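Coordinates from protein_13.cif are shown below (mmCIF, C-alpha atoms).
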data_target
#
loop_
_atom_site.label_atom_id
_atom_site.label_comp_id
_atom_site.auth_asym_id
_atom_site.auth_seq_id
_atom_site.Cartn_x
_atom_site.Cartn_y
_atom_site.Cartn_z
CA MET A 6 96.28 138.02 75.12
CA ARG A 7 94.71 136.32 72.13
CA LEU A 8 90.92 136.32 72.02
CA SER A 9 90.36 133.28 69.80
CA PHE A 10 88.42 131.58 72.63
CA LEU A 11 85.65 134.13 71.93
CA GLU A 12 85.25 133.25 68.25
CA PRO A 13 82.28 130.88 68.88
CA LEU A 14 80.50 133.76 70.58
CA TYR A 15 80.51 135.87 67.42
CA ALA A 16 79.81 133.03 65.01
CA GLU A 17 76.08 133.68 65.49
CA PRO A 18 74.37 137.05 64.91
CA GLY A 19 72.61 138.73 67.81
CA PRO A 20 70.67 139.50 69.81
CA TYR A 21 72.59 137.90 72.67
CA VAL A 22 71.97 137.11 76.29
CA SER A 23 75.01 137.65 78.53
CA VAL A 24 74.82 136.34 82.09
CA TYR A 25 77.39 136.71 84.89
CA LEU A 26 76.54 134.86 88.09
CA ASP A 27 78.20 134.11 91.42
CA THR A 28 78.17 130.30 91.64
CA SER A 29 80.46 129.92 94.66
CA ARG A 30 80.13 126.71 96.65
CA ASP A 31 81.65 128.00 99.92
CA VAL A 32 78.29 129.03 101.42
CA ASP A 33 75.45 127.21 103.14
CA GLN A 34 72.94 125.74 100.67
CA PRO A 35 74.83 126.93 97.58
CA GLU A 36 72.30 125.48 95.13
CA ARG A 37 69.49 127.45 96.75
CA ALA A 38 71.58 130.64 96.71
CA ILE A 39 72.42 130.18 93.02
CA ASP A 40 68.78 129.45 92.17
CA LEU A 41 67.61 132.63 93.90
CA ARG A 42 70.21 134.71 92.05
CA TRP A 43 69.25 133.16 88.73
CA ARG A 44 65.53 133.79 89.34
CA ARG A 45 66.23 137.51 89.72
CA LEU A 46 68.32 137.54 86.54
CA ARG A 47 65.74 135.53 84.62
CA ALA A 48 63.03 138.00 85.55
CA SER A 49 65.26 140.87 84.41
CA LEU A 50 65.94 139.17 81.06
CA SER A 51 62.26 138.56 80.54
CA ARG A 52 61.58 142.26 81.06
CA GLN A 53 64.33 143.06 78.53
CA GLY A 54 62.56 140.96 75.90
CA ALA A 55 64.27 137.55 76.06
CA GLY A 56 61.89 134.72 75.13
CA ARG A 57 60.94 131.72 77.26
CA THR A 58 62.77 129.19 75.05
CA LEU A 59 66.00 131.14 75.32
CA LEU A 60 65.64 131.51 79.08
CA ASN A 61 65.00 127.78 79.44
CA ALA A 62 68.17 127.03 77.46
CA LEU A 63 70.13 129.22 79.87
CA GLU A 64 68.54 127.61 82.91
CA GLU A 65 69.85 124.21 81.86
CA VAL A 66 73.47 125.35 82.26
CA VAL A 67 73.27 127.92 85.07
CA GLY A 68 74.92 126.32 88.10
CA SER A 69 76.23 123.38 86.09
CA ASP A 70 79.73 124.06 87.44
CA ALA A 71 78.91 122.22 90.67
CA ALA A 72 82.15 120.22 90.43
CA VAL A 73 84.19 123.40 90.97
CA PRO A 74 84.62 124.02 94.70
CA GLY A 75 85.19 127.31 96.52
CA MET A 76 84.60 130.87 95.34
CA HIS A 77 84.08 131.36 91.62
CA GLY A 78 81.54 132.49 89.06
CA GLN A 79 79.99 131.54 85.76
CA ALA A 80 79.61 133.38 82.46
CA VAL A 81 76.94 132.17 80.03
CA PHE A 82 76.08 133.49 76.56
CA ALA A 83 73.21 132.47 74.28
CA ALA A 84 71.67 133.60 71.00
CA HIS A 85 68.64 132.47 69.00
CA ASP A 86 67.52 130.03 71.71
CA THR A 87 70.94 128.32 71.69
CA LEU A 88 73.81 128.32 74.15
CA VAL A 89 76.92 129.65 72.38
CA LEU A 90 79.52 129.94 75.17
CA ASP A 91 79.82 129.25 78.87
CA GLY A 92 82.70 129.04 81.27
CA GLU A 93 83.86 129.32 84.85
CA LEU A 94 85.23 132.55 86.28
CA PRO A 95 88.21 132.41 88.70
CA HIS A 96 86.45 135.00 90.87
CA PRO A 97 82.77 135.76 91.40
CA PRO A 98 81.60 138.73 89.33
CA GLU A 99 81.49 142.05 91.19
CA ARG A 100 77.73 141.82 90.83
CA ASP A 101 75.36 139.39 89.15
CA SER A 102 74.23 140.75 85.80
CA ALA A 103 72.12 139.78 82.81
CA ARG A 104 71.92 141.72 79.55
CA TYR A 105 69.86 141.11 76.42
CA GLY A 106 71.29 143.15 73.56
CA THR A 107 72.62 143.27 70.05
CA LEU A 108 76.22 142.67 71.19
CA PRO A 109 77.47 140.26 73.86
CA ASP A 110 78.83 141.73 77.08
CA ALA A 111 82.19 139.93 76.80
CA MET A 112 84.64 142.32 78.49
CA PRO A 113 84.05 141.02 82.07
CA LEU A 114 84.91 137.51 80.83
CA VAL A 115 88.01 138.79 79.06
CA SER A 116 89.08 140.73 82.16
CA GLN A 117 89.05 137.54 84.23
CA HIS A 118 91.39 135.87 81.73
CA VAL A 119 93.99 138.67 81.94
CA PRO A 120 96.99 138.42 82.12
CA GLU A 121 96.84 134.79 80.89
CA ILE A 122 100.30 133.74 82.10
CA PRO A 123 101.22 130.19 81.05
CA TYR A 124 102.73 128.07 83.81
CA LEU A 125 103.65 124.54 84.82
CA ALA A 126 102.76 123.72 88.44
CA VAL A 127 104.59 120.79 90.08
CA VAL A 128 103.97 119.30 93.53
CA VAL A 129 106.36 116.70 94.94
CA HIS A 130 105.36 114.79 98.08
CA TYR A 131 107.63 112.62 100.22
CA GLY A 132 107.28 112.02 103.92
CA GLY A 133 110.48 110.11 104.74
CA LEU A 134 114.10 110.87 105.52
CA PRO A 135 116.11 113.08 103.11
CA THR A 136 118.04 110.20 101.58
CA ALA A 137 117.53 107.69 98.81
CA GLU A 138 118.79 104.86 101.01
CA THR A 139 115.41 104.12 102.56
CA HIS A 140 112.01 102.70 101.77
CA GLY A 141 109.00 104.72 100.70
CA TRP A 142 107.58 106.56 97.75
CA VAL A 143 107.87 109.94 96.11
CA THR A 144 104.69 111.17 94.44
CA LEU A 145 104.66 113.89 91.80
CA GLU A 146 101.73 115.72 90.27
CA ALA A 147 102.01 118.38 87.56
CA GLU A 148 99.68 120.37 85.32
CA THR A 149 99.92 123.26 82.91
CA GLY A 150 97.56 126.19 82.79
CA ALA A 151 97.14 129.88 82.06
CA TRP A 152 96.74 131.97 85.22
CA PRO A 153 94.25 133.09 86.46
CA ALA A 154 91.51 131.34 84.43
CA SER A 155 93.00 127.88 84.95
CA THR A 156 92.52 128.08 88.72
CA VAL A 157 88.98 126.82 88.11
CA THR A 158 89.65 125.02 84.82
CA PRO A 159 92.88 123.13 85.51
CA GLY A 160 94.49 121.19 82.70
CA GLU A 161 95.26 117.50 82.35
CA ARG A 162 97.28 116.30 85.30
CA LEU A 163 100.45 114.20 85.14
CA ARG A 164 100.87 111.78 88.08
CA ARG A 165 103.91 109.69 88.97
CA ARG A 166 104.69 107.47 91.96
CA VAL A 167 108.34 106.47 92.28
CA ALA A 168 110.20 104.35 94.81
CA VAL A 169 112.45 106.68 96.78
CA ALA A 170 115.45 104.46 96.11
CA THR A 171 115.13 105.22 92.38
CA TRP A 172 114.08 108.88 92.68
CA HIS A 173 117.44 110.30 91.53
CA ARG A 174 117.31 108.34 88.27
CA ALA A 175 113.57 108.72 87.73
CA ALA A 176 113.79 112.50 88.23
CA VAL A 177 115.89 112.78 85.05
CA ARG A 178 113.26 111.03 82.96
CA ILE A 179 110.38 112.92 84.58
CA GLY A 180 112.27 116.19 84.17
CA HIS A 181 112.41 115.73 80.41
CA ARG A 182 108.67 115.02 80.35
CA LEU A 183 108.00 118.18 82.32
CA ASP A 184 110.27 120.16 80.01
CA GLU A 185 108.26 119.00 76.99
CA ARG A 186 105.05 120.16 78.62
CA ALA A 187 106.50 123.53 79.61
CA ARG A 188 108.00 124.22 76.17
CA HIS A 189 104.72 123.34 74.48
CA VAL A 190 102.94 126.24 76.21
CA HIS A 191 106.01 128.51 76.75
CA ALA A 192 105.61 128.20 80.52
CA ASP A 193 107.71 128.87 83.57
CA ALA A 194 107.62 126.29 86.37
CA VAL A 195 106.30 126.74 89.90
CA VAL A 196 107.44 123.94 92.19
CA GLY A 197 106.35 123.14 95.73
CA GLY A 198 106.39 120.24 98.17
CA ASP A 199 109.01 118.32 100.12
CA GLU A 200 112.31 120.20 100.10
CA TRP A 201 114.64 117.24 99.59
CA ALA A 202 112.57 115.59 96.84
CA CYS A 203 112.07 118.96 95.10
CA ASN A 204 115.80 119.67 95.22
CA VAL A 205 116.54 116.34 93.56
CA LEU A 206 114.01 117.05 90.80
CA VAL A 207 115.03 120.66 90.13
CA ARG A 208 118.75 119.81 89.87
CA ARG A 209 117.89 117.24 87.18
CA LEU A 210 115.59 119.40 85.06
CA PRO A 211 116.86 120.44 81.62
CA ARG A 212 118.68 123.74 81.97
CA GLY A 213 116.09 125.93 80.24
CA LEU A 214 113.31 124.81 82.55
CA ARG A 215 115.58 124.73 85.62
CA ASP A 216 116.48 128.38 85.12
CA SER A 217 112.80 129.37 85.07
CA VAL A 218 111.76 127.51 88.25
CA VAL A 219 110.09 129.43 91.05
CA ARG A 220 110.18 127.53 94.36
CA VAL A 221 107.23 128.10 96.70
CA GLY A 222 106.39 127.05 100.23
CA GLY A 223 103.20 126.53 102.13
CA PRO A 224 100.58 123.77 102.02
CA THR A 225 100.47 121.77 98.79
CA PRO A 226 97.18 119.81 98.73
CA THR A 227 96.48 118.10 95.42
CA GLU A 228 92.82 117.03 95.76
CA THR A 229 91.15 120.44 95.99
CA GLY A 230 89.35 120.26 92.64
CA ARG A 231 91.10 123.49 91.64
CA ALA A 232 94.54 124.27 90.22
CA LEU A 233 97.66 122.81 91.76
CA LEU A 234 99.37 125.38 93.99
CA GLU A 235 96.50 127.85 93.53
CA PRO A 236 97.38 130.11 96.52
CA GLN A 237 101.06 130.14 95.57
CA LEU A 238 100.28 130.92 91.92
CA ASP A 239 98.37 133.99 93.02
CA GLY A 240 101.38 135.16 95.03
CA VAL A 241 103.80 134.54 92.15
CA PHE A 242 101.76 136.07 89.32
CA ARG A 243 99.59 138.82 90.82
CA GLY A 244 100.57 142.15 89.27
CA ARG A 245 102.78 140.51 86.65
CA MET A 246 102.31 140.81 82.90
CA ALA A 247 102.60 137.82 80.60
CA VAL A 248 105.94 137.71 78.76
CA HIS A 249 104.18 137.95 75.39
CA ASP A 250 102.17 140.99 76.51
CA ARG A 251 105.33 142.63 77.86
CA GLU A 252 107.00 142.16 74.48
CA LEU A 253 104.06 143.87 72.76
CA VAL A 254 104.21 146.80 75.19
CA ASP A 255 107.96 147.17 74.63
CA LEU A 256 107.37 147.09 70.88
CA PHE A 257 104.73 149.82 71.23
CA VAL A 258 107.09 152.02 73.25
CA GLY A 259 109.93 151.51 70.77
CA ARG A 260 107.79 152.29 67.75
CA ARG A 261 106.28 155.35 69.41
CA ALA A 262 109.75 156.73 70.08
CA VAL A 263 110.51 156.76 66.34
CA ARG A 264 106.98 157.71 65.24
CA GLY A 265 106.39 154.19 63.96
CA PRO A 266 103.09 152.38 63.30
CA VAL A 267 101.14 152.94 66.52
CA ALA A 268 97.90 154.74 67.39
CA GLU A 269 97.29 156.72 70.59
CA GLY A 270 93.95 157.72 72.03
CA LEU A 271 90.47 156.40 71.36
CA ALA A 272 89.79 158.17 68.07
CA ALA A 273 93.03 157.00 66.41
CA SER A 274 92.64 153.46 67.78
CA VAL A 275 89.04 153.19 66.54
CA ALA A 276 90.10 154.50 63.11
CA ALA A 277 92.79 151.81 62.95
CA LEU A 278 90.26 149.10 63.91
CA GLN A 279 88.00 150.30 61.08
CA ARG A 280 90.85 149.60 58.64
CA GLY A 281 91.85 146.24 60.17
CA GLN A 282 95.26 147.67 61.04
CA VAL A 283 95.38 146.77 64.73
CA ALA A 284 97.68 143.93 65.77
CA ALA A 285 97.11 144.56 69.49
CA LEU A 286 94.93 147.02 71.39
CA LEU A 287 96.48 148.33 74.61
CA LEU A 288 94.25 149.43 77.49
CA ASN A 289 95.14 150.77 80.91
CA HIS A 290 91.77 149.36 81.92
CA PRO A 291 88.47 148.62 80.13
CA PRO A 292 86.42 151.66 79.09
CA ASP A 293 84.06 153.22 81.60
CA ALA A 294 80.53 151.84 81.45
CA SER A 295 79.25 155.22 80.28
CA ARG A 296 81.53 155.32 77.22
CA ARG A 297 79.66 154.55 73.99
CA LEU A 298 80.54 153.90 70.35
CA TRP A 299 78.43 153.70 67.22
CA VAL A 300 78.43 150.35 65.41
CA GLY A 301 77.08 148.62 62.32
CA GLU A 302 76.62 144.98 61.43
CA ARG A 303 80.30 144.16 60.79
CA PRO A 304 83.09 144.13 63.42
CA THR A 305 85.01 146.90 61.65
CA GLN A 306 81.96 149.15 61.55
CA LEU A 307 82.53 151.25 64.66
CA ALA A 308 83.00 154.97 65.16
CA LEU A 309 82.82 157.74 67.70
CA THR A 310 79.83 159.38 66.00
CA GLU A 311 76.74 158.27 64.11
CA ALA A 312 77.54 160.68 61.28
CA GLU A 313 80.88 159.00 60.64
CA LEU A 314 79.30 155.57 60.19
CA VAL A 315 76.58 157.00 57.95
CA SER A 316 79.30 158.56 55.80
CA PHE A 317 80.76 155.06 55.35
CA GLY A 318 77.43 153.84 53.99
CA VAL A 319 76.32 152.04 57.16
CA ARG A 320 72.54 151.86 57.39
CA ALA A 321 70.82 152.17 60.76
CA PRO A 322 73.91 152.51 63.00
CA ARG A 323 73.27 152.02 66.69
CA GLU A 324 74.98 153.15 69.87
CA GLU A 325 76.52 150.44 72.08
CA PRO A 326 78.83 150.25 75.12
CA ALA A 327 82.40 150.91 73.96
CA ASP A 328 83.84 147.78 75.58
CA GLU A 329 81.38 145.53 73.72
CA ALA A 330 82.15 147.20 70.38
CA LEU A 331 85.91 147.00 70.93
CA VAL A 332 85.93 143.30 71.87
CA ARG A 333 83.85 142.43 68.79
CA ALA A 334 86.24 144.40 66.59
CA LEU A 335 89.29 142.70 68.09
CA VAL A 336 87.87 139.19 67.65
CA GLY A 337 86.61 139.98 64.15
CA THR A 338 90.00 141.26 62.98
CA GLY A 339 92.17 138.73 64.83
CA ALA A 340 93.76 141.41 67.02
CA GLU A 341 95.09 140.87 70.53
CA LEU A 342 94.28 142.70 73.75
CA VAL A 343 96.85 143.85 76.29
CA VAL A 344 95.81 145.33 79.63
CA VAL A 345 98.84 147.31 80.82
CA PRO A 346 98.97 148.96 84.26
CA GLU A 347 99.30 152.75 84.15
CA ARG A 348 102.48 152.50 86.23
CA GLU A 349 104.00 150.57 83.32
CA LEU A 350 102.71 152.78 80.50
CA ARG A 351 100.20 155.63 80.73
CA LEU A 352 98.21 155.82 77.49
CA PRO A 353 96.32 158.88 76.19
CA GLU A 354 92.66 158.31 77.08
CA ARG A 355 93.98 155.01 78.48
CA VAL A 356 94.01 153.38 75.03
CA GLY A 357 96.52 152.79 72.23
CA ALA A 358 97.17 150.34 69.45
CA LEU A 359 100.11 148.51 67.96
CA LEU A 360 99.52 148.50 64.22
CA ARG A 361 100.17 145.85 61.58
CA TYR A 362 101.11 148.55 59.08
CA ALA A 363 100.86 152.27 58.48
CA ASP A 364 100.22 154.17 55.27
CA ALA A 365 99.19 157.63 54.13
CA GLY A 366 95.64 157.05 55.39
CA THR A 367 96.63 156.06 58.92
CA PRO A 368 95.46 158.69 61.46
CA SER A 369 98.27 160.14 63.55
#

So that I can check it, write out the structure of this file as structure tokens.
Amino acid sequence: MRLSFLEPLYAEPGPYVSVYLDTSRDVDQPERAIDLRWRRLRASLSRQGAGRTLLNALEEVVGSDAAVPGMHGQAVFAAHDTLVLDGELPHPPERDSARYGTLPDAMPLVSQHVPEIPYLAVVVHYGGLPTAETHGWVTLEAETGAWPASTVTPGERLRRRVAVATWHRAAVRIGHRLDERARHVHADAVVGGDEWACNVLVRRLPRGLRDSVVRVGGPTPTETGRALLEPQLDGVFRGRMAVHDRELVDLFVGRRAVRGPVAEGLAASVAALQRGQVAALLLNHPPDASRRLWVGERPTQLALTEAELVSFGVRAPREEPADEALVRALVGTGAELVVVPERELRLPERVGALLRYADAGTPS
């Protein structure tokens, strides 16, 4: 996945406040529950050294996702008394957390965006007889998104209401509109709703989109405030890799087989990040919380040891969580991140890198 959505986060120098909070609305008195959680986090941040002005800026946005129903969470980042990034999380964080440090704690946010599969969800409703020779209306709603993050941040919705007598003809025109939307984001289509009306639509879709359609059953409410077909999307996409990520993994495997430009293991991957060589970093899962790296002021200034950074001329290197250092390096060098299940590809030390180039100085 591409990490360009994090660029505003690194546009400002640290220190940063990183807050992850359960803001679910499926409990009694949700506002009170959120306020109590935030009070605990605010007290923790104050003890860590965050100032009152910065904490007040955070307080203005904590819980501001009240329009999102059901279970979810919120991630908020601030620096120098200014909010720099906030967004909804498809799932509540495993635990509420607040960190005040020199690097933002961005990996939990990134992890909730993985695998970022683009899709087009379509719901077709019709309650009459399965024939066009009757009165009534067919209603269609469609939206594009990137699963799973879009379950709580759904995209712009297309709505159409068509007389059933003209549904066969209208489905051709609507199908071309849907095809344009799908091609724009390179999405497959997930279609649910009335069987007869869906059949008419699917048969009239342009061939490329028709061949990618996944038909789903079950309830298809459209006024939930969350993504269209949210439960069905989870069933379709859980455990699947995005097509783009799969292509990168296949490229890594192919290059490795011929000793091409790849890095394996943490040391080689970090060395490649230092040189701006990494096109995509592959992880079996994010580094353990206890894993640390040494960093300097610039994204490419990271190393396994303090001595290595000092040898590069970095003054006052500091030790930081490895996941925070890696995300900053990826964003700063325009590299992608691919989380690949171990059953698909087991990586040495659970990390590898697909390189932009290799030369005599590239570590093997």

So that I can check the surroundings of Tyr15 of chain A, please list as an mmCIF file with C-alpha atoms, in the frame of the given file every protein, DNA and RNA residue that reaches within 9 Å of it, counting only C-alpha atoms and ignoring chain neighbours fewer than 6 positions away.
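Result went into part-v2.cif, see below:
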data_model
loop_
_atom_site.group_PDB
_atom_site.id
_atom_site.type_symbol
_atom_site.label_atom_id
_atom_site.label_comp_id
_atom_site.auth_asym_id
_atom_site.auth_seq_id
_atom_site.Cartn_x
_atom_site.Cartn_y
_atom_site.Cartn_z
ATOM 1 C CA VAL A 89 76.920 129.650 72.380
ATOM 2 C CA LEU A 108 76.220 142.670 71.190
ATOM 3 C CA PRO A 109 77.470 140.260 73.860
ATOM 4 C CA ARG A 333 83.850 142.430 68.790
ATOM 5 C CA VAL A 336 87.870 139.190 67.650
ATOM 6 C CA GLY A 337 86.610 139.980 64.150
#

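The shortest atom-to-atom distance to Pro226 of chain A, with only C-alpha atoms taken into account, belongs to A:Leu145 out of A:Leu11, A:Leu342, A:Leu145, A:Ala321.
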
>> Between atom CA of Glu185 of chain A and atom CA of Glu121 of chain A, what distance in Å does the model show, to one decimal?
In response: 19.9 Å

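Against the coordinates shown, the PyMOL selection byres ((chain A and resi 154) around 6) returns A:Pro95, A:His118, A:Trp152, A:Pro153, A:Ser155, A:Thr156.
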
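Closest to Arg261 of chain A among A:Val129, A:Leu350, A:Ala71, A:Ala151 is A:Leu350, based on all atoms listed in the file.
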
>> Please determine, counting only C-alpha atoms, which residue among A:Ala202, A:Gly180, A:Ala168, A:His189 has the shortest atom-to-atom distance to Pro135 of chain A.
In response: A:Ala202

>> Taking 2 positions as the minimum chain separation for residues in the same chain, which residues sit within 12 Å of Asp216 of chain A when counting all atoms listed in the file? Answer as a ChimeraX atom specification.
In response: /A:184,192-195,207-214,218-220

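Minimum distance to Val115 of chain A across A:Arg7, A:Arg52, A:Arg188, A:Arg182 (counting all atoms listed in the file) occurs at A:Arg7.
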
What are the centre and the three edge lengths of an axis-aligned box that wraps all atoms of segment 88-92 of chain A in the file, given that 8 Å is added to every side, written as lines of an AutoDock Vina configuration file and rounded to one decimal in Å?
center_x = 78.3
center_y = 129.1
center_z = 76.8
size_x = 24.9
size_y = 17.6
size_z = 24.9

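Compared by their closest atoms to Leu271 of chain A, and using only C-alpha atoms, the residues A:Pro18, A:Pro353, A:Gly197, A:Pro120 rank with A:Pro353 nearest.
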
> Could you name the residues that touch Thr136 of chain A at 12 Å or less, counting only C-alpha atoms, but leaving out those on the same chain fewer than 4 positions away, as a ChimeraX atom specification?
Replying inline: /A:131-132,140-143,168-173,200-202,204-205

> If you apply the PyMOL selection byres ((chain A and resi 229) around 12) to this file, what residues do you get, as a list in words?
Replying inline: Ala72, Val73, Pro74, Gly75, Thr156, Val157, Pro159, Pro224, Thr225, Pro226, Thr227, Glu228, Gly230, Arg231, Ala232, Leu233, Leu234, Glu235 and Pro236 of chain A

> Residues picked by the PyMOL selection byres ((chain A and resi 288) around 6) here, as a ChimeraX atom specification?
Replying inline: /A:287,289-290,344,355-356

Shell of 8 Å around Leu60 of chain A, all atoms listed in the file, local chain residues under 5 positions omitted, as a PDB file with C-alpha atoms, keeping the file's coordinate frame:
ATOM      1  CA  ARG A  47      65.740 135.530  84.620  1.00  0.00           C
ATOM      2  CA  LEU A  50      65.940 139.170  81.060  1.00  0.00           C
ATOM      3  CA  SER A  51      62.260 138.560  80.540  1.00  0.00           C
ATOM      4  CA  ALA A  55      64.270 137.550  76.060  1.00  0.00           C
ATOM      5  CA  ASP A  86      67.520 130.030  71.710  1.00  0.00           C
TER       6      ASP A  86
END

> So which residues touch segment 243-250 of chain A within 8 Å, counting only C-alpha atoms, skipping near sequence neighbours fewer than 6 positions away, as a ChimeraX atom specification?
Replying inline: /A:6,120-123,343,345

Starting from the incomplete input, reconstruct all heavy atoms of segment 215-223 of chain A and report them as an mmCIF file, in the frame of the given file.
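The result, stored in part-v5.cif:
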data_model
loop_
_atom_site.group_PDB
_atom_site.id
_atom_site.type_symbol
_atom_site.label_atom_id
_atom_site.label_comp_id
_atom_site.auth_asym_id
_atom_site.auth_seq_id
_atom_site.Cartn_x
_atom_site.Cartn_y
_atom_site.Cartn_z
ATOM 1 N N ARG A 215 115.001 124.521 84.279
ATOM 2 C CA ARG A 215 115.580 124.730 85.620
ATOM 3 C C ARG A 215 115.796 126.207 85.908
ATOM 4 O O ARG A 215 115.531 126.685 87.017
ATOM 5 C CB ARG A 215 116.908 123.972 85.737
ATOM 6 C CG ARG A 215 117.534 124.051 87.127
ATOM 7 C CD ARG A 215 118.750 123.160 87.225
ATOM 8 N NE ARG A 215 119.854 123.619 86.409
ATOM 9 C CZ ARG A 215 120.361 122.980 85.377
ATOM 10 N NH1 ARG A 215 119.847 121.817 84.999
ATOM 11 N NH2 ARG A 215 121.385 123.476 84.690
ATOM 12 N N ASP A 216 116.223 126.958 84.912
ATOM 13 C CA ASP A 216 116.480 128.380 85.120
ATOM 14 C C ASP A 216 115.197 129.186 85.324
ATOM 15 O O ASP A 216 115.246 130.324 85.812
ATOM 16 C CB ASP A 216 117.247 128.963 83.927
ATOM 17 C CG ASP A 216 118.673 128.440 83.847
ATOM 18 O OD1 ASP A 216 119.152 127.880 84.853
ATOM 19 O OD2 ASP A 216 119.294 128.583 82.778
ATOM 20 N N SER A 217 114.061 128.635 84.939
ATOM 21 C CA SER A 217 112.800 129.370 85.070
ATOM 22 C C SER A 217 112.002 128.962 86.313
ATOM 23 O O SER A 217 110.910 129.487 86.541
ATOM 24 C CB SER A 217 111.922 129.134 83.836
ATOM 25 O OG SER A 217 111.350 127.828 83.847
ATOM 26 N N VAL A 218 112.522 128.038 87.111
ATOM 27 C CA VAL A 218 111.760 127.510 88.250
ATOM 28 C C VAL A 218 111.603 128.557 89.340
ATOM 29 O O VAL A 218 112.550 129.253 89.714
ATOM 30 C CB VAL A 218 112.451 126.258 88.819
ATOM 31 C CG1 VAL A 218 111.884 125.903 90.201
ATOM 32 C CG2 VAL A 218 112.269 125.079 87.868
ATOM 33 N N VAL A 219 110.379 128.654 89.857
ATOM 34 C CA VAL A 219 110.090 129.430 91.050
ATOM 35 C C VAL A 219 109.711 128.439 92.151
ATOM 36 O O VAL A 219 108.756 127.677 91.996
ATOM 37 C CB VAL A 219 108.937 130.423 90.824
ATOM 38 C CG1 VAL A 219 108.611 131.171 92.113
ATOM 39 C CG2 VAL A 219 109.276 131.397 89.708
ATOM 40 N N ARG A 220 110.469 128.422 93.233
ATOM 41 C CA ARG A 220 110.180 127.530 94.360
ATOM 42 C C ARG A 220 109.232 128.235 95.325
ATOM 43 O O ARG A 220 109.422 129.406 95.649
ATOM 44 C CB ARG A 220 111.468 127.143 95.081
ATOM 45 C CG ARG A 220 112.430 126.309 94.254
ATOM 46 C CD ARG A 220 111.957 124.871 94.122
ATOM 47 N NE ARG A 220 111.940 124.182 95.394
ATOM 48 C CZ ARG A 220 112.990 123.534 95.908
ATOM 49 N NH1 ARG A 220 114.140 123.503 95.240
ATOM 50 N NH2 ARG A 220 112.906 122.920 97.067
ATOM 51 N N VAL A 221 108.209 127.525 95.781
ATOM 52 C CA VAL A 221 107.230 128.100 96.700
ATOM 53 C C VAL A 221 107.045 127.197 97.904
ATOM 54 O O VAL A 221 107.247 125.987 97.826
ATOM 55 C CB VAL A 221 105.865 128.330 95.995
ATOM 56 C CG1 VAL A 221 105.999 129.360 94.884
ATOM 57 C CG2 VAL A 221 105.305 127.025 95.443
ATOM 58 N N GLY A 222 106.671 127.802 99.014
ATOM 59 C CA GLY A 222 106.390 127.050 100.230
ATOM 60 C C GLY A 222 104.908 127.024 100.522
ATOM 61 O O GLY A 222 104.081 127.393 99.701
ATOM 62 N N GLY A 223 104.589 126.583 101.720
ATOM 63 C CA GLY A 223 103.200 126.530 102.130
ATOM 64 C C GLY A 223 102.546 125.207 101.822
ATOM 65 O O GLY A 223 103.146 124.327 101.197
#
